[in-house]
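Raw contents of entry_4.txt, compact mmCIF, C-alpha atoms and all ligand atoms:
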# COMPACT_ATOMS: atom_id res chain seq x y z
CA MET A 1 -39.99 19.81 -11.73
CA THR A 2 -39.33 16.09 -11.94
CA GLN A 3 -38.90 14.76 -15.45
CA ALA A 4 -40.53 11.32 -15.44
CA LEU A 5 -39.81 8.89 -18.26
CA THR A 6 -42.50 6.74 -19.82
CA PRO A 7 -42.27 2.99 -20.54
CA GLY A 8 -40.34 2.42 -23.76
CA SER A 9 -37.84 5.17 -22.91
CA ALA A 10 -34.15 4.40 -23.23
CA ILE A 11 -31.77 4.20 -20.27
CA GLY A 12 -28.12 4.74 -21.19
CA ILE A 13 -25.70 2.79 -19.01
CA LEU A 14 -22.02 3.58 -19.07
CA GLY A 15 -20.05 0.43 -18.28
CA GLY A 16 -20.87 -3.16 -19.20
CA GLY A 17 -19.82 -5.22 -16.18
CA GLN A 18 -22.10 -7.19 -13.87
CA LEU A 19 -23.59 -4.02 -12.39
CA GLY A 20 -24.50 -2.76 -15.87
CA ARG A 21 -25.92 -6.18 -16.67
CA MET A 22 -28.15 -6.27 -13.59
CA LEU A 23 -29.26 -2.67 -14.23
CA ALA A 24 -30.16 -3.57 -17.83
CA LEU A 25 -32.22 -6.55 -16.65
CA ALA A 26 -34.06 -4.37 -14.13
CA ALA A 27 -34.76 -1.76 -16.81
CA ALA A 28 -36.18 -4.40 -19.15
CA ARG A 29 -38.49 -5.67 -16.41
CA LEU A 30 -39.95 -2.19 -16.13
CA GLY A 31 -40.48 -1.84 -19.89
CA LEU A 32 -37.48 0.42 -20.42
CA GLU A 33 -34.77 -0.15 -23.01
CA ALA A 34 -31.19 -0.41 -21.81
CA HIS A 35 -28.50 0.95 -24.09
CA VAL A 36 -25.07 -0.09 -22.77
CA TYR A 37 -21.88 1.78 -23.70
CA CYS A 38 -18.61 -0.02 -23.03
CA PRO A 39 -15.26 -0.32 -24.82
CA ASP A 40 -14.94 -4.06 -24.13
CA PRO A 41 -16.83 -6.19 -26.69
CA GLU A 42 -16.86 -9.09 -24.19
CA SER A 43 -18.86 -7.10 -21.60
CA PRO A 44 -21.40 -9.21 -19.71
CA ALA A 45 -24.07 -6.50 -19.98
CA PHE A 46 -24.10 -6.79 -23.79
CA ASP A 47 -25.78 -10.22 -23.45
CA VAL A 48 -28.93 -8.70 -21.96
CA CYS A 49 -29.37 -5.17 -23.29
CA ALA A 50 -31.59 -3.80 -26.07
CA ARG A 51 -28.82 -1.74 -27.70
CA ALA A 52 -25.05 -1.57 -27.42
CA THR A 53 -22.22 0.80 -28.26
CA ILE A 54 -18.69 -0.57 -28.28
CA ALA A 55 -16.39 2.45 -28.20
CA PRO A 56 -13.73 4.05 -25.98
CA TYR A 57 -14.90 6.43 -23.24
CA GLU A 58 -12.88 9.17 -24.95
CA ASP A 59 -14.67 8.82 -28.32
CA GLU A 60 -16.58 12.10 -28.43
CA ALA A 61 -18.60 11.26 -31.56
CA ALA A 62 -19.71 7.88 -30.16
CA LEU A 63 -20.60 9.48 -26.80
CA ALA A 64 -22.64 12.21 -28.48
CA ASP A 65 -24.45 9.65 -30.62
CA PHE A 66 -25.18 7.50 -27.54
CA ALA A 67 -26.44 10.51 -25.55
CA GLU A 68 -28.76 11.49 -28.42
CA LYS A 69 -30.36 8.05 -28.43
CA VAL A 70 -31.17 7.76 -24.71
CA ASP A 71 -33.46 9.63 -22.33
CA VAL A 72 -31.19 9.48 -19.29
CA VAL A 73 -27.60 8.37 -18.74
CA THR A 74 -26.33 6.52 -15.69
CA TYR A 75 -23.12 4.63 -14.92
CA GLU A 76 -21.98 1.52 -13.13
CA PHE A 77 -18.58 2.81 -11.98
CA GLU A 78 -17.36 6.09 -10.51
CA ASN A 79 -14.19 6.44 -12.54
CA VAL A 80 -16.01 7.88 -15.53
CA PRO A 81 -13.54 10.42 -16.97
CA ALA A 82 -14.70 13.97 -16.13
CA HIS A 83 -14.55 14.91 -19.82
CA THR A 84 -16.82 11.97 -20.73
CA ALA A 85 -19.32 13.01 -18.06
CA SER A 86 -19.34 16.60 -19.25
CA ILE A 87 -19.95 15.58 -22.91
CA LEU A 88 -22.89 13.43 -21.78
CA ALA A 89 -24.23 16.12 -19.44
CA ALA A 90 -24.15 18.65 -22.30
CA HIS A 91 -26.48 16.36 -24.27
CA GLY A 92 -28.98 15.66 -21.55
CA LEU A 93 -29.73 14.22 -18.20
CA VAL A 94 -26.97 12.38 -16.30
CA ARG A 95 -28.07 10.74 -13.07
CA PRO A 96 -26.52 10.75 -10.51
CA GLY A 97 -25.27 14.21 -11.51
CA PRO A 98 -21.69 15.25 -12.28
CA GLU A 99 -21.23 16.70 -8.75
CA ALA A 100 -21.65 13.26 -7.17
CA LEU A 101 -19.10 11.83 -9.61
CA ALA A 102 -16.58 14.59 -8.99
CA THR A 103 -16.92 14.16 -5.22
CA CYS A 104 -16.67 10.39 -5.14
CA GLN A 105 -13.90 9.80 -7.65
CA ASP A 106 -11.26 11.67 -5.67
CA ARG A 107 -10.53 10.55 -2.09
CA LEU A 108 -9.34 14.02 -1.09
CA VAL A 109 -12.44 15.80 -2.41
CA GLU A 110 -14.59 13.11 -0.80
CA LYS A 111 -12.92 13.50 2.61
CA GLU A 112 -13.28 17.30 2.46
CA PHE A 113 -16.94 16.93 1.48
CA LEU A 114 -17.57 14.58 4.41
CA GLU A 115 -15.78 16.89 6.84
CA LEU A 116 -17.81 19.86 5.60
CA ASN A 117 -21.01 17.91 6.26
CA GLY A 118 -20.03 16.82 9.75
CA ILE A 119 -19.49 13.16 8.87
CA ALA A 120 -16.64 11.43 10.71
CA THR A 121 -13.87 9.62 8.83
CA ALA A 122 -10.52 8.04 9.76
CA PRO A 123 -7.82 10.65 10.49
CA TRP A 124 -6.21 11.56 7.15
CA ALA A 125 -3.72 13.91 5.51
CA ARG A 126 -3.06 15.06 1.97
CA VAL A 127 0.09 13.66 0.32
CA ASP A 128 1.35 15.22 -2.92
CA ASP A 129 5.02 14.23 -2.67
CA ALA A 130 7.46 12.21 -0.54
CA GLY A 131 8.09 15.19 1.78
CA ALA A 132 4.36 15.53 2.42
CA LEU A 133 4.25 11.80 3.20
CA ALA A 134 6.89 12.26 5.93
CA ARG A 135 4.85 15.13 7.42
CA ALA A 136 1.64 13.08 7.17
CA VAL A 137 3.29 10.16 9.00
CA ALA A 138 4.39 12.54 11.76
CA LYS A 139 0.74 13.63 12.12
CA ILE A 140 -1.15 10.35 11.59
CA GLY A 141 1.38 7.75 12.71
CA ARG A 142 2.88 4.66 11.08
CA ARG A 143 -0.27 2.55 11.46
CA SER A 144 -1.57 4.00 8.25
CA ILE A 145 -2.42 3.34 4.62
CA LEU A 146 -1.35 5.41 1.63
CA LYS A 147 -4.14 5.56 -0.96
CA THR A 148 -4.03 7.23 -4.37
CA ARG A 149 -6.65 9.95 -4.66
CA ARG A 150 -8.10 8.52 -7.86
CA PHE A 151 -8.73 5.21 -9.63
CA GLY A 152 -8.42 2.88 -6.62
CA TYR A 153 -10.77 -0.09 -6.18
CA ASP A 154 -10.71 -3.49 -4.49
CA GLY A 155 -7.48 -2.54 -2.68
CA LYS A 156 -5.69 -1.36 -5.84
CA GLY A 157 -3.82 1.94 -5.48
CA GLN A 158 -3.20 1.39 -1.75
CA VAL A 159 -0.21 0.44 0.31
CA MET A 160 0.03 -0.21 4.04
CA LEU A 161 2.99 1.50 5.71
CA ARG A 162 5.33 -0.73 7.69
CA GLU A 163 7.66 -0.03 10.60
CA GLY A 164 10.92 1.21 9.05
CA SER A 165 9.64 1.31 5.46
CA ASP A 166 11.37 3.92 3.30
CA LEU A 167 8.79 6.65 2.71
CA ALA A 168 10.23 7.83 -0.62
CA VAL A 169 10.14 4.24 -1.92
CA THR A 170 6.57 3.76 -0.60
CA PHE A 171 5.44 6.92 -2.36
CA ARG A 172 7.01 5.71 -5.62
CA THR A 173 5.27 2.30 -5.22
CA LEU A 174 2.01 4.05 -6.01
CA GLY A 175 3.53 5.73 -9.04
CA GLY A 176 4.19 9.04 -7.25
CA LEU A 177 0.53 9.95 -7.73
CA PRO A 178 -1.34 12.44 -5.52
CA ALA A 179 -2.58 10.48 -2.52
CA ILE A 180 -3.91 10.66 0.99
CA LEU A 181 -2.56 8.98 4.10
CA GLU A 182 -5.23 7.42 6.27
CA ALA A 183 -4.91 5.98 9.79
CA VAL A 184 -5.63 2.26 10.09
CA VAL A 185 -8.98 1.97 11.84
CA PRO A 186 -9.26 -0.81 14.46
CA PHE A 187 -12.78 -1.61 13.35
CA GLU A 188 -15.04 -4.21 14.87
CA LYS A 189 -16.88 -4.65 11.62
CA GLU A 190 -17.44 -3.02 8.26
CA VAL A 191 -20.99 -1.98 7.42
CA SER A 192 -22.65 -0.23 4.53
CA VAL A 193 -25.83 1.64 3.87
CA VAL A 194 -27.30 1.13 0.42
CA ALA A 195 -30.04 3.67 -0.18
CA ALA A 196 -31.86 5.47 -2.94
CA ARG A 197 -32.79 9.11 -3.30
CA GLY A 198 -35.55 9.87 -5.76
CA ALA A 199 -35.72 12.80 -8.16
CA ASP A 200 -38.21 14.41 -5.73
CA GLY A 201 -35.82 14.02 -2.78
CA THR A 202 -37.49 10.95 -1.22
CA PHE A 203 -34.99 8.79 0.63
CA ALA A 204 -35.30 5.00 0.84
CA PRO A 205 -32.61 3.09 2.72
CA TYR A 206 -32.24 -0.68 2.87
CA ASP A 207 -31.28 -2.36 6.12
CA VAL A 208 -27.74 -1.54 7.13
CA CYS A 209 -25.65 -4.57 6.19
CA GLU A 210 -22.30 -5.88 7.34
CA ASN A 211 -19.52 -6.84 5.00
CA VAL A 212 -16.57 -9.19 5.20
CA HIS A 213 -13.66 -8.56 2.83
CA ASP A 214 -10.95 -11.00 1.89
CA ASN A 215 -7.83 -9.54 0.35
CA HIS A 216 -9.71 -6.21 -0.13
CA ILE A 217 -12.47 -7.91 -2.15
CA LEU A 218 -15.99 -8.23 -0.76
CA LYS A 219 -16.62 -11.83 0.22
CA LEU A 220 -19.83 -11.81 2.26
CA THR A 221 -22.66 -9.44 3.06
CA ARG A 222 -25.17 -10.03 5.82
CA ALA A 223 -28.39 -8.08 6.21
CA PRO A 224 -29.25 -6.77 8.68
CA ALA A 225 -25.91 -5.85 10.25
CA ARG A 226 -25.46 -6.92 13.85
CA LEU A 227 -25.52 -3.35 15.17
CA ASP A 228 -27.63 -1.90 17.97
CA ALA A 229 -30.67 0.10 16.88
CA ALA A 230 -29.08 3.47 17.72
CA ALA A 231 -25.97 2.74 15.65
CA ALA A 232 -28.04 1.46 12.71
CA ALA A 233 -30.19 4.61 12.83
CA GLU A 234 -27.04 6.75 12.93
CA ALA A 235 -25.61 4.93 9.88
CA VAL A 236 -28.81 5.66 7.94
CA ARG A 237 -28.81 9.28 9.10
CA MET A 238 -25.23 9.72 7.83
CA ALA A 239 -26.14 8.23 4.44
CA ARG A 240 -29.08 10.59 4.19
CA VAL A 241 -26.97 13.65 4.99
CA ILE A 242 -24.59 12.58 2.21
CA ALA A 243 -27.33 11.91 -0.35
CA ASP A 244 -29.06 15.22 0.39
CA ALA A 245 -25.82 17.22 0.29
CA LEU A 246 -25.00 15.75 -3.14
CA ASP A 247 -28.58 16.37 -4.33
CA TYR A 248 -28.26 12.76 -5.34
CA VAL A 249 -30.61 10.88 -7.66
CA GLY A 250 -30.21 7.09 -7.77
CA VAL A 251 -28.82 4.38 -5.52
CA LEU A 252 -25.66 5.01 -3.56
CA ALA A 253 -23.67 3.00 -1.03
CA VAL A 254 -21.87 4.44 1.96
CA GLU A 255 -19.21 2.15 3.39
CA MET A 256 -18.40 2.61 7.06
CA PHE A 257 -16.17 1.24 9.78
CA ALA A 258 -17.92 0.40 13.06
CA VAL A 259 -15.52 0.98 15.93
CA ALA A 260 -16.29 -0.10 19.50
CA GLU A 261 -15.97 2.75 22.00
CA GLY A 262 -16.82 1.29 25.41
CA GLU A 263 -20.50 0.42 25.24
CA ARG A 264 -21.05 2.55 22.16
CA VAL A 265 -20.29 2.09 18.49
CA ARG A 266 -18.67 4.90 16.53
CA LEU A 267 -19.17 5.02 12.78
CA LEU A 268 -16.54 6.38 10.41
CA VAL A 269 -17.26 6.69 6.71
CA ASN A 270 -14.68 4.95 4.53
CA GLU A 271 -16.05 5.75 1.10
CA ILE A 272 -19.10 6.64 -0.94
CA ALA A 273 -19.96 4.67 -4.08
CA PRO A 274 -22.20 6.78 -6.35
CA ARG A 275 -23.83 3.71 -7.91
CA VAL A 276 -25.40 0.37 -7.18
CA HIS A 277 -23.03 -1.64 -5.00
CA ASN A 278 -21.90 -5.19 -4.41
CA SER A 279 -23.08 -5.00 -0.78
CA GLY A 280 -26.61 -4.40 -2.14
CA HIS A 281 -26.78 -7.56 -4.27
CA TRP A 282 -28.73 -9.34 -1.52
CA THR A 283 -31.70 -7.11 -2.37
CA LEU A 284 -32.20 -8.93 -5.71
CA ASP A 285 -33.73 -11.89 -3.88
CA GLY A 286 -33.93 -10.57 -0.33
CA ALA A 287 -35.96 -7.35 -0.59
CA LEU A 288 -39.23 -6.25 -2.14
CA THR A 289 -37.46 -3.95 -4.60
CA SER A 290 -33.91 -4.73 -5.70
CA GLN A 291 -31.25 -2.00 -5.67
CA PHE A 292 -31.12 -2.29 -9.48
CA GLU A 293 -34.83 -1.69 -9.93
CA GLN A 294 -34.63 1.09 -7.35
CA HIS A 295 -31.86 2.83 -9.25
CA ILE A 296 -33.81 2.60 -12.51
CA ARG A 297 -36.94 3.95 -10.80
CA ALA A 298 -34.97 6.86 -9.32
CA ILE A 299 -33.22 7.91 -12.53
CA ALA A 300 -36.49 7.54 -14.48
CA GLY A 301 -38.09 10.02 -12.08
CA TRP A 302 -40.47 7.32 -10.88
CA PRO A 303 -41.64 6.61 -7.31
CA LEU A 304 -39.21 4.48 -5.30
CA GLY A 305 -40.19 0.94 -4.28
CA ALA A 306 -40.41 -0.57 -0.80
CA THR A 307 -37.05 -1.65 0.60
CA ARG A 308 -38.41 -4.17 3.09
CA ARG A 309 -36.34 -7.31 3.62
CA HIS A 310 -37.66 -10.85 3.14
CA GLY A 311 -36.78 -13.30 5.90
CA SER A 312 -35.00 -12.72 9.20
CA THR A 313 -31.53 -12.51 7.67
CA VAL A 314 -30.18 -12.50 4.15
CA GLU A 315 -26.64 -13.49 3.28
CA MET A 316 -24.90 -12.80 -0.02
CA GLN A 317 -21.70 -14.61 -0.93
CA ASN A 318 -19.59 -13.48 -3.87
CA LEU A 319 -18.31 -16.21 -6.17
CA ILE A 320 -14.80 -15.12 -7.02
CA GLY A 321 -12.57 -16.72 -9.66
CA ASP A 322 -12.72 -20.54 -9.53
CA GLU A 323 -15.49 -20.48 -6.90
CA ILE A 324 -17.96 -20.18 -9.76
CA HIS A 325 -17.22 -23.81 -10.68
CA ALA A 326 -19.27 -24.84 -7.60
CA TYR A 327 -22.42 -23.67 -9.41
CA HIS A 328 -23.81 -27.18 -9.66
CA GLU A 329 -23.70 -27.80 -5.90
CA ILE A 330 -25.24 -24.37 -5.31
CA LEU A 331 -28.05 -25.14 -7.75
CA ARG A 332 -28.81 -28.25 -5.70
CA GLU A 333 -28.91 -26.32 -2.43
CA PRO A 334 -32.49 -25.70 -1.28
CA GLY A 335 -33.25 -21.98 -1.10
CA ALA A 336 -29.96 -20.77 -2.59
CA CYS A 337 -30.47 -18.08 -5.28
CA LEU A 338 -27.67 -18.20 -7.84
CA HIS A 339 -26.56 -15.39 -10.15
CA ILE A 340 -23.91 -16.01 -12.81
CA TYR A 341 -22.58 -12.95 -14.61
CA GLY A 342 -21.69 -14.62 -17.91
CA LYS A 343 -17.99 -13.73 -17.88
CA ARG A 344 -16.09 -16.06 -20.16
CA GLU A 345 -12.95 -16.55 -18.07
CA ALA A 346 -12.71 -17.21 -14.30
CA ARG A 347 -9.55 -15.24 -13.49
CA PRO A 348 -8.32 -15.03 -9.85
CA GLY A 349 -9.98 -12.15 -7.99
CA ARG A 350 -12.64 -11.70 -10.68
CA LYS A 351 -16.26 -11.46 -9.51
CA MET A 352 -17.99 -14.22 -11.49
CA GLY A 353 -21.34 -14.44 -9.72
CA HIS A 354 -22.99 -14.46 -6.33
CA VAL A 355 -25.37 -16.54 -4.27
CA THR A 356 -28.04 -15.29 -1.86
CA ARG A 357 -29.43 -17.26 1.04
CA ILE A 358 -32.51 -16.12 2.94
CA ALA A 359 -33.12 -17.40 6.47
CA TYR A 360 -36.57 -17.45 8.05
CA ASP A 361 -37.25 -17.58 11.79
CA ARG A 362 -40.06 -19.98 11.08
CA ASP A 363 -41.22 -21.76 7.96
CA PRO A 364 -43.21 -19.36 5.81
P1 LIG B 401 -11.16 0.99 0.16
O1 LIG B 401 -10.62 0.77 -1.22
O2 LIG B 401 -10.79 2.31 0.75
O3 LIG B 401 -12.63 0.71 0.25
O4 LIG B 401 -10.50 -0.15 1.06
C1 LIG B 401 -10.76 -1.52 0.85
C2 LIG B 401 -10.73 -2.25 2.18
O5 LIG B 401 -9.46 -2.06 2.83
C3 LIG B 401 -11.77 -1.77 3.18
O6 LIG B 401 -13.02 -2.32 2.95
C4 LIG B 401 -11.11 -2.22 4.48
O7 LIG B 401 -11.30 -3.62 4.68
C5 LIG B 401 -9.65 -1.95 4.24
N1 LIG B 401 -9.32 -0.58 4.67
C6 LIG B 401 -9.32 0.53 3.89
N2 LIG B 401 -9.01 1.63 4.60
C7 LIG B 401 -8.84 1.22 5.87
C8 LIG B 401 -8.50 1.90 7.09
N3 LIG B 401 -8.29 3.22 7.14
N4 LIG B 401 -8.41 1.15 8.23
C9 LIG B 401 -8.60 -0.18 8.20
N5 LIG B 401 -8.89 -0.88 7.08
C10 LIG B 401 -9.02 -0.20 5.93
For the structure just supplied, provide its representation as structure tokens.
Amino acid sequence: MTQALTPGSAIGILGGGQLGRMLALAAARLGLEAHVYCPDPESPAFDVCARATIAPYEDEAALADFAEKVDVVTYEFENVPAHTASILAAHGLVRPGPEALATCQDRLVEKEFLELNGIATAPWARVDDAGALARAVAKIGRRSILKTRRFGYDGKGQVMLREGSDLAVTFRTLGGLPAILEAVVPFEKEVSVVAARGADGTFAPYDVCENVHDNHILKLTRAPARLDAAAAAEAVRMARVIADALDYVGVLAVEMFAVAEGERVRLLVNEIAPRVHNSGHWTLDGALTSQFEQHIRAIAGWPLGATRRHGSTVEMQNLIGDEIHAYHEILREPGACLHIYGKREARPGRKMGHVTRIAYDRDP
């Protein structure tokens, strides 16, 4: 039985970054109150939410109080400590559920889950110590990347192996933490499927999009991806298998490598993000329902919205660090849709905002 919220209900959001901020705005638009929980008093989501809790993720009393005040809890990042998630789950509804979190916050568990569900990934091996790294290199080869199992993002917690690099030193570079070794994939492009699964199991994918990273940070997203129809359909099928297997409720993103194999394209899943995703920001201006609204609808137990794209192509460019200072030129640009996240300081590598540009085949 689907538990549907009513307008005026409170949505608890763990994490106060730009994703939490855009979720809070979407909740407000639908007449729901966003209550953001984040340890950092400077969090951009605090500017736009109805209620706020500033407390550490380990503060059991604050978590319990927060959970009591909201009707559903969601999160904007997958590294929610397991203990935090279980305290919240004990008080009520957490969406997406704890299983999705547990699967997606550990690269080893995620790879095993994908394998079990027949979804292809890059060749990989488990690495728990320097000896295991040597064995993994013998199996996978030197063209590989060592990634910590947990807490990696935007290229953090990863190191590329080099010819002749000392494996014991490499293992220590990542703090000697449990890791996996993954073969370097000679991909043609990186694509992602952002999709929602409703509380009743309905599945609503957006167009597959293609992503360009610079220094491990997303730089550009283009929707739709330049993929043939069969490959695009296969990408969506894979995302659906994943969402169904996790009994997922909410928006998720599945990042994939597209590898050319003769005339065909082979898709390998890189990772699953159990949350709204940067490669879905184009939907704010470029689709009938944004990924943020869609996530709120899903976790509220409401019907999902249409995911149809506006225009022939939509491009989203992240504004990273100092790039945000170009806001005035972007504001002057006809048709550019600017989003500024309200972060006080433009540090290098920090996502400060984004701009969306919609192209039309002919003038509307
Ligand atoms: P990740 O943190 O796993 O999403 O990796 C960040 C980025 O590093 C990806 O989006 C790719 O651009 C690159 N990358 C990660 N793993 C691989 C791989 N196995 N082969 C090639 N590039 C990779």
For Ala232 (chain A), list every protein, DNA or RNA residue within 9 Å, evaluated using all atoms listed in the file, and leave out those in the same chain fewer than 5 positions away; present the list as an mmCIF file with C-alpha atoms, keeping the file's coordinate frame.
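Result written to around_28.cif:
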data_model
loop_
_atom_site.group_PDB
_atom_site.id
_atom_site.type_symbol
_atom_site.label_atom_id
_atom_site.label_comp_id
_atom_site.auth_asym_id
_atom_site.auth_seq_id
_atom_site.Cartn_x
_atom_site.Cartn_y
_atom_site.Cartn_z
ATOM 1 C CA ASP A 207 -31.280 -2.360 6.120
ATOM 2 C CA VAL A 208 -27.740 -1.540 7.130
ATOM 3 C CA ALA A 225 -25.910 -5.850 10.250
ATOM 4 C CA ARG A 226 -25.460 -6.920 13.850
ATOM 5 C CA LEU A 227 -25.520 -3.350 15.170
ATOM 6 C CA ARG A 237 -28.810 9.280 9.100
#
Considering only C-alpha atoms, state which residue in the set A:Ala122, A:Ile145, A:Met316, A:Val249 is at the smallest distance from Ala298 (chain A).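 Using only C-alpha atoms, the shortest distance to Ala298 (chain A) belongs to A:Val249.
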Mind pulling up the distance from CA of Arg21 (chain A) to CA of Leu319 (chain A)?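 Computing the Euclidean distance for CA of Leu319 (chain A) and CA of Arg21 (chain A) yields 16.4 Å.
Put simply, CA of Ala130 (chain A) is 27.0 Å away from CA of Leu268 (chain A).
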Kindly indicate which residue among A:Gln3, A:Ser312, A:Ser43, A:Asn117 lies nearest to Tyr341 (chain A), using all atoms listed in the file for the distances.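 Comparing A:Gln3, A:Ser312, A:Ser43, A:Asn117 against Tyr341 (chain A), the winner is A:Ser43.
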Output: region 14-26 of chain A of the preceding structure, restricted to N, CA and C atoms, written as a PDB file, in the first residue's frame.
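File produced: decode-v4.pdb:
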ATOM      1  N   LEU A  14      18.445  15.180   4.218  1.00  0.00           N
ATOM      2  CA  LEU A  14      19.743  15.069   4.861  1.00  0.00           C
ATOM      3  C   LEU A  14      20.789  15.622   3.905  1.00  0.00           C
ATOM      4  N   GLY A  15      21.476  16.657   4.305  1.00  0.00           N
ATOM      5  CA  GLY A  15      22.498  17.272   3.447  1.00  0.00           C
ATOM      6  C   GLY A  15      22.000  18.595   2.910  1.00  0.00           C
ATOM      7  N   GLY A  16      22.846  19.625   3.019  1.00  0.00           N
ATOM      8  CA  GLY A  16      22.403  20.983   2.679  1.00  0.00           C
ATOM      9  C   GLY A  16      23.150  21.621   1.533  1.00  0.00           C
ATOM     10  N   GLY A  17      23.700  20.818   0.630  1.00  0.00           N
ATOM     11  CA  GLY A  17      24.412  21.377  -0.527  1.00  0.00           C
ATOM     12  C   GLY A  17      23.436  21.824  -1.607  1.00  0.00           C
ATOM     13  N   GLN A  18      23.968  21.978  -2.825  1.00  0.00           N
ATOM     14  CA  GLN A  18      23.094  22.477  -3.910  1.00  0.00           C
ATOM     15  C   GLN A  18      21.977  21.499  -4.250  1.00  0.00           C
ATOM     16  N   LEU A  19      22.232  20.193  -4.072  1.00  0.00           N
ATOM     17  CA  LEU A  19      21.171  19.229  -4.388  1.00  0.00           C
ATOM     18  C   LEU A  19      20.044  19.352  -3.376  1.00  0.00           C
ATOM     19  N   GLY A  20      20.407  19.503  -2.103  1.00  0.00           N
ATOM     20  CA  GLY A  20      19.406  19.714  -1.052  1.00  0.00           C
ATOM     21  C   GLY A  20      18.639  21.002  -1.290  1.00  0.00           C
ATOM     22  N   ARG A  21      19.347  22.017  -1.741  1.00  0.00           N
ATOM     23  CA  ARG A  21      18.712  23.317  -2.010  1.00  0.00           C
ATOM     24  C   ARG A  21      17.675  23.191  -3.125  1.00  0.00           C
ATOM     25  N   MET A  22      18.065  22.504  -4.217  1.00  0.00           N
ATOM     26  CA  MET A  22      17.131  22.399  -5.350  1.00  0.00           C
ATOM     27  C   MET A  22      15.969  21.446  -5.018  1.00  0.00           C
ATOM     28  N   LEU A  23      16.219  20.464  -4.153  1.00  0.00           N
ATOM     29  CA  LEU A  23      15.120  19.611  -3.683  1.00  0.00           C
ATOM     30  C   LEU A  23      14.147  20.418  -2.816  1.00  0.00           C
ATOM     31  N   ALA A  24      14.702  21.278  -1.949  1.00  0.00           N
ATOM     32  CA  ALA A  24      13.849  22.084  -1.059  1.00  0.00           C
ATOM     33  C   ALA A  24      12.977  23.036  -1.882  1.00  0.00           C
ATOM     34  N   LEU A  25      13.555  23.634  -2.919  1.00  0.00           N
ATOM     35  CA  LEU A  25      12.782  24.534  -3.776  1.00  0.00           C
ATOM     36  C   LEU A  25      11.652  23.784  -4.478  1.00  0.00           C
ATOM     37  N   ALA A  26      11.962  22.569  -4.949  1.00  0.00           N
ATOM     38  CA  ALA A  26      10.937  21.771  -5.644  1.00  0.00           C
ATOM     39  C   ALA A  26       9.828  21.374  -4.673  1.00  0.00           C
TER      40      ALA A  26
END
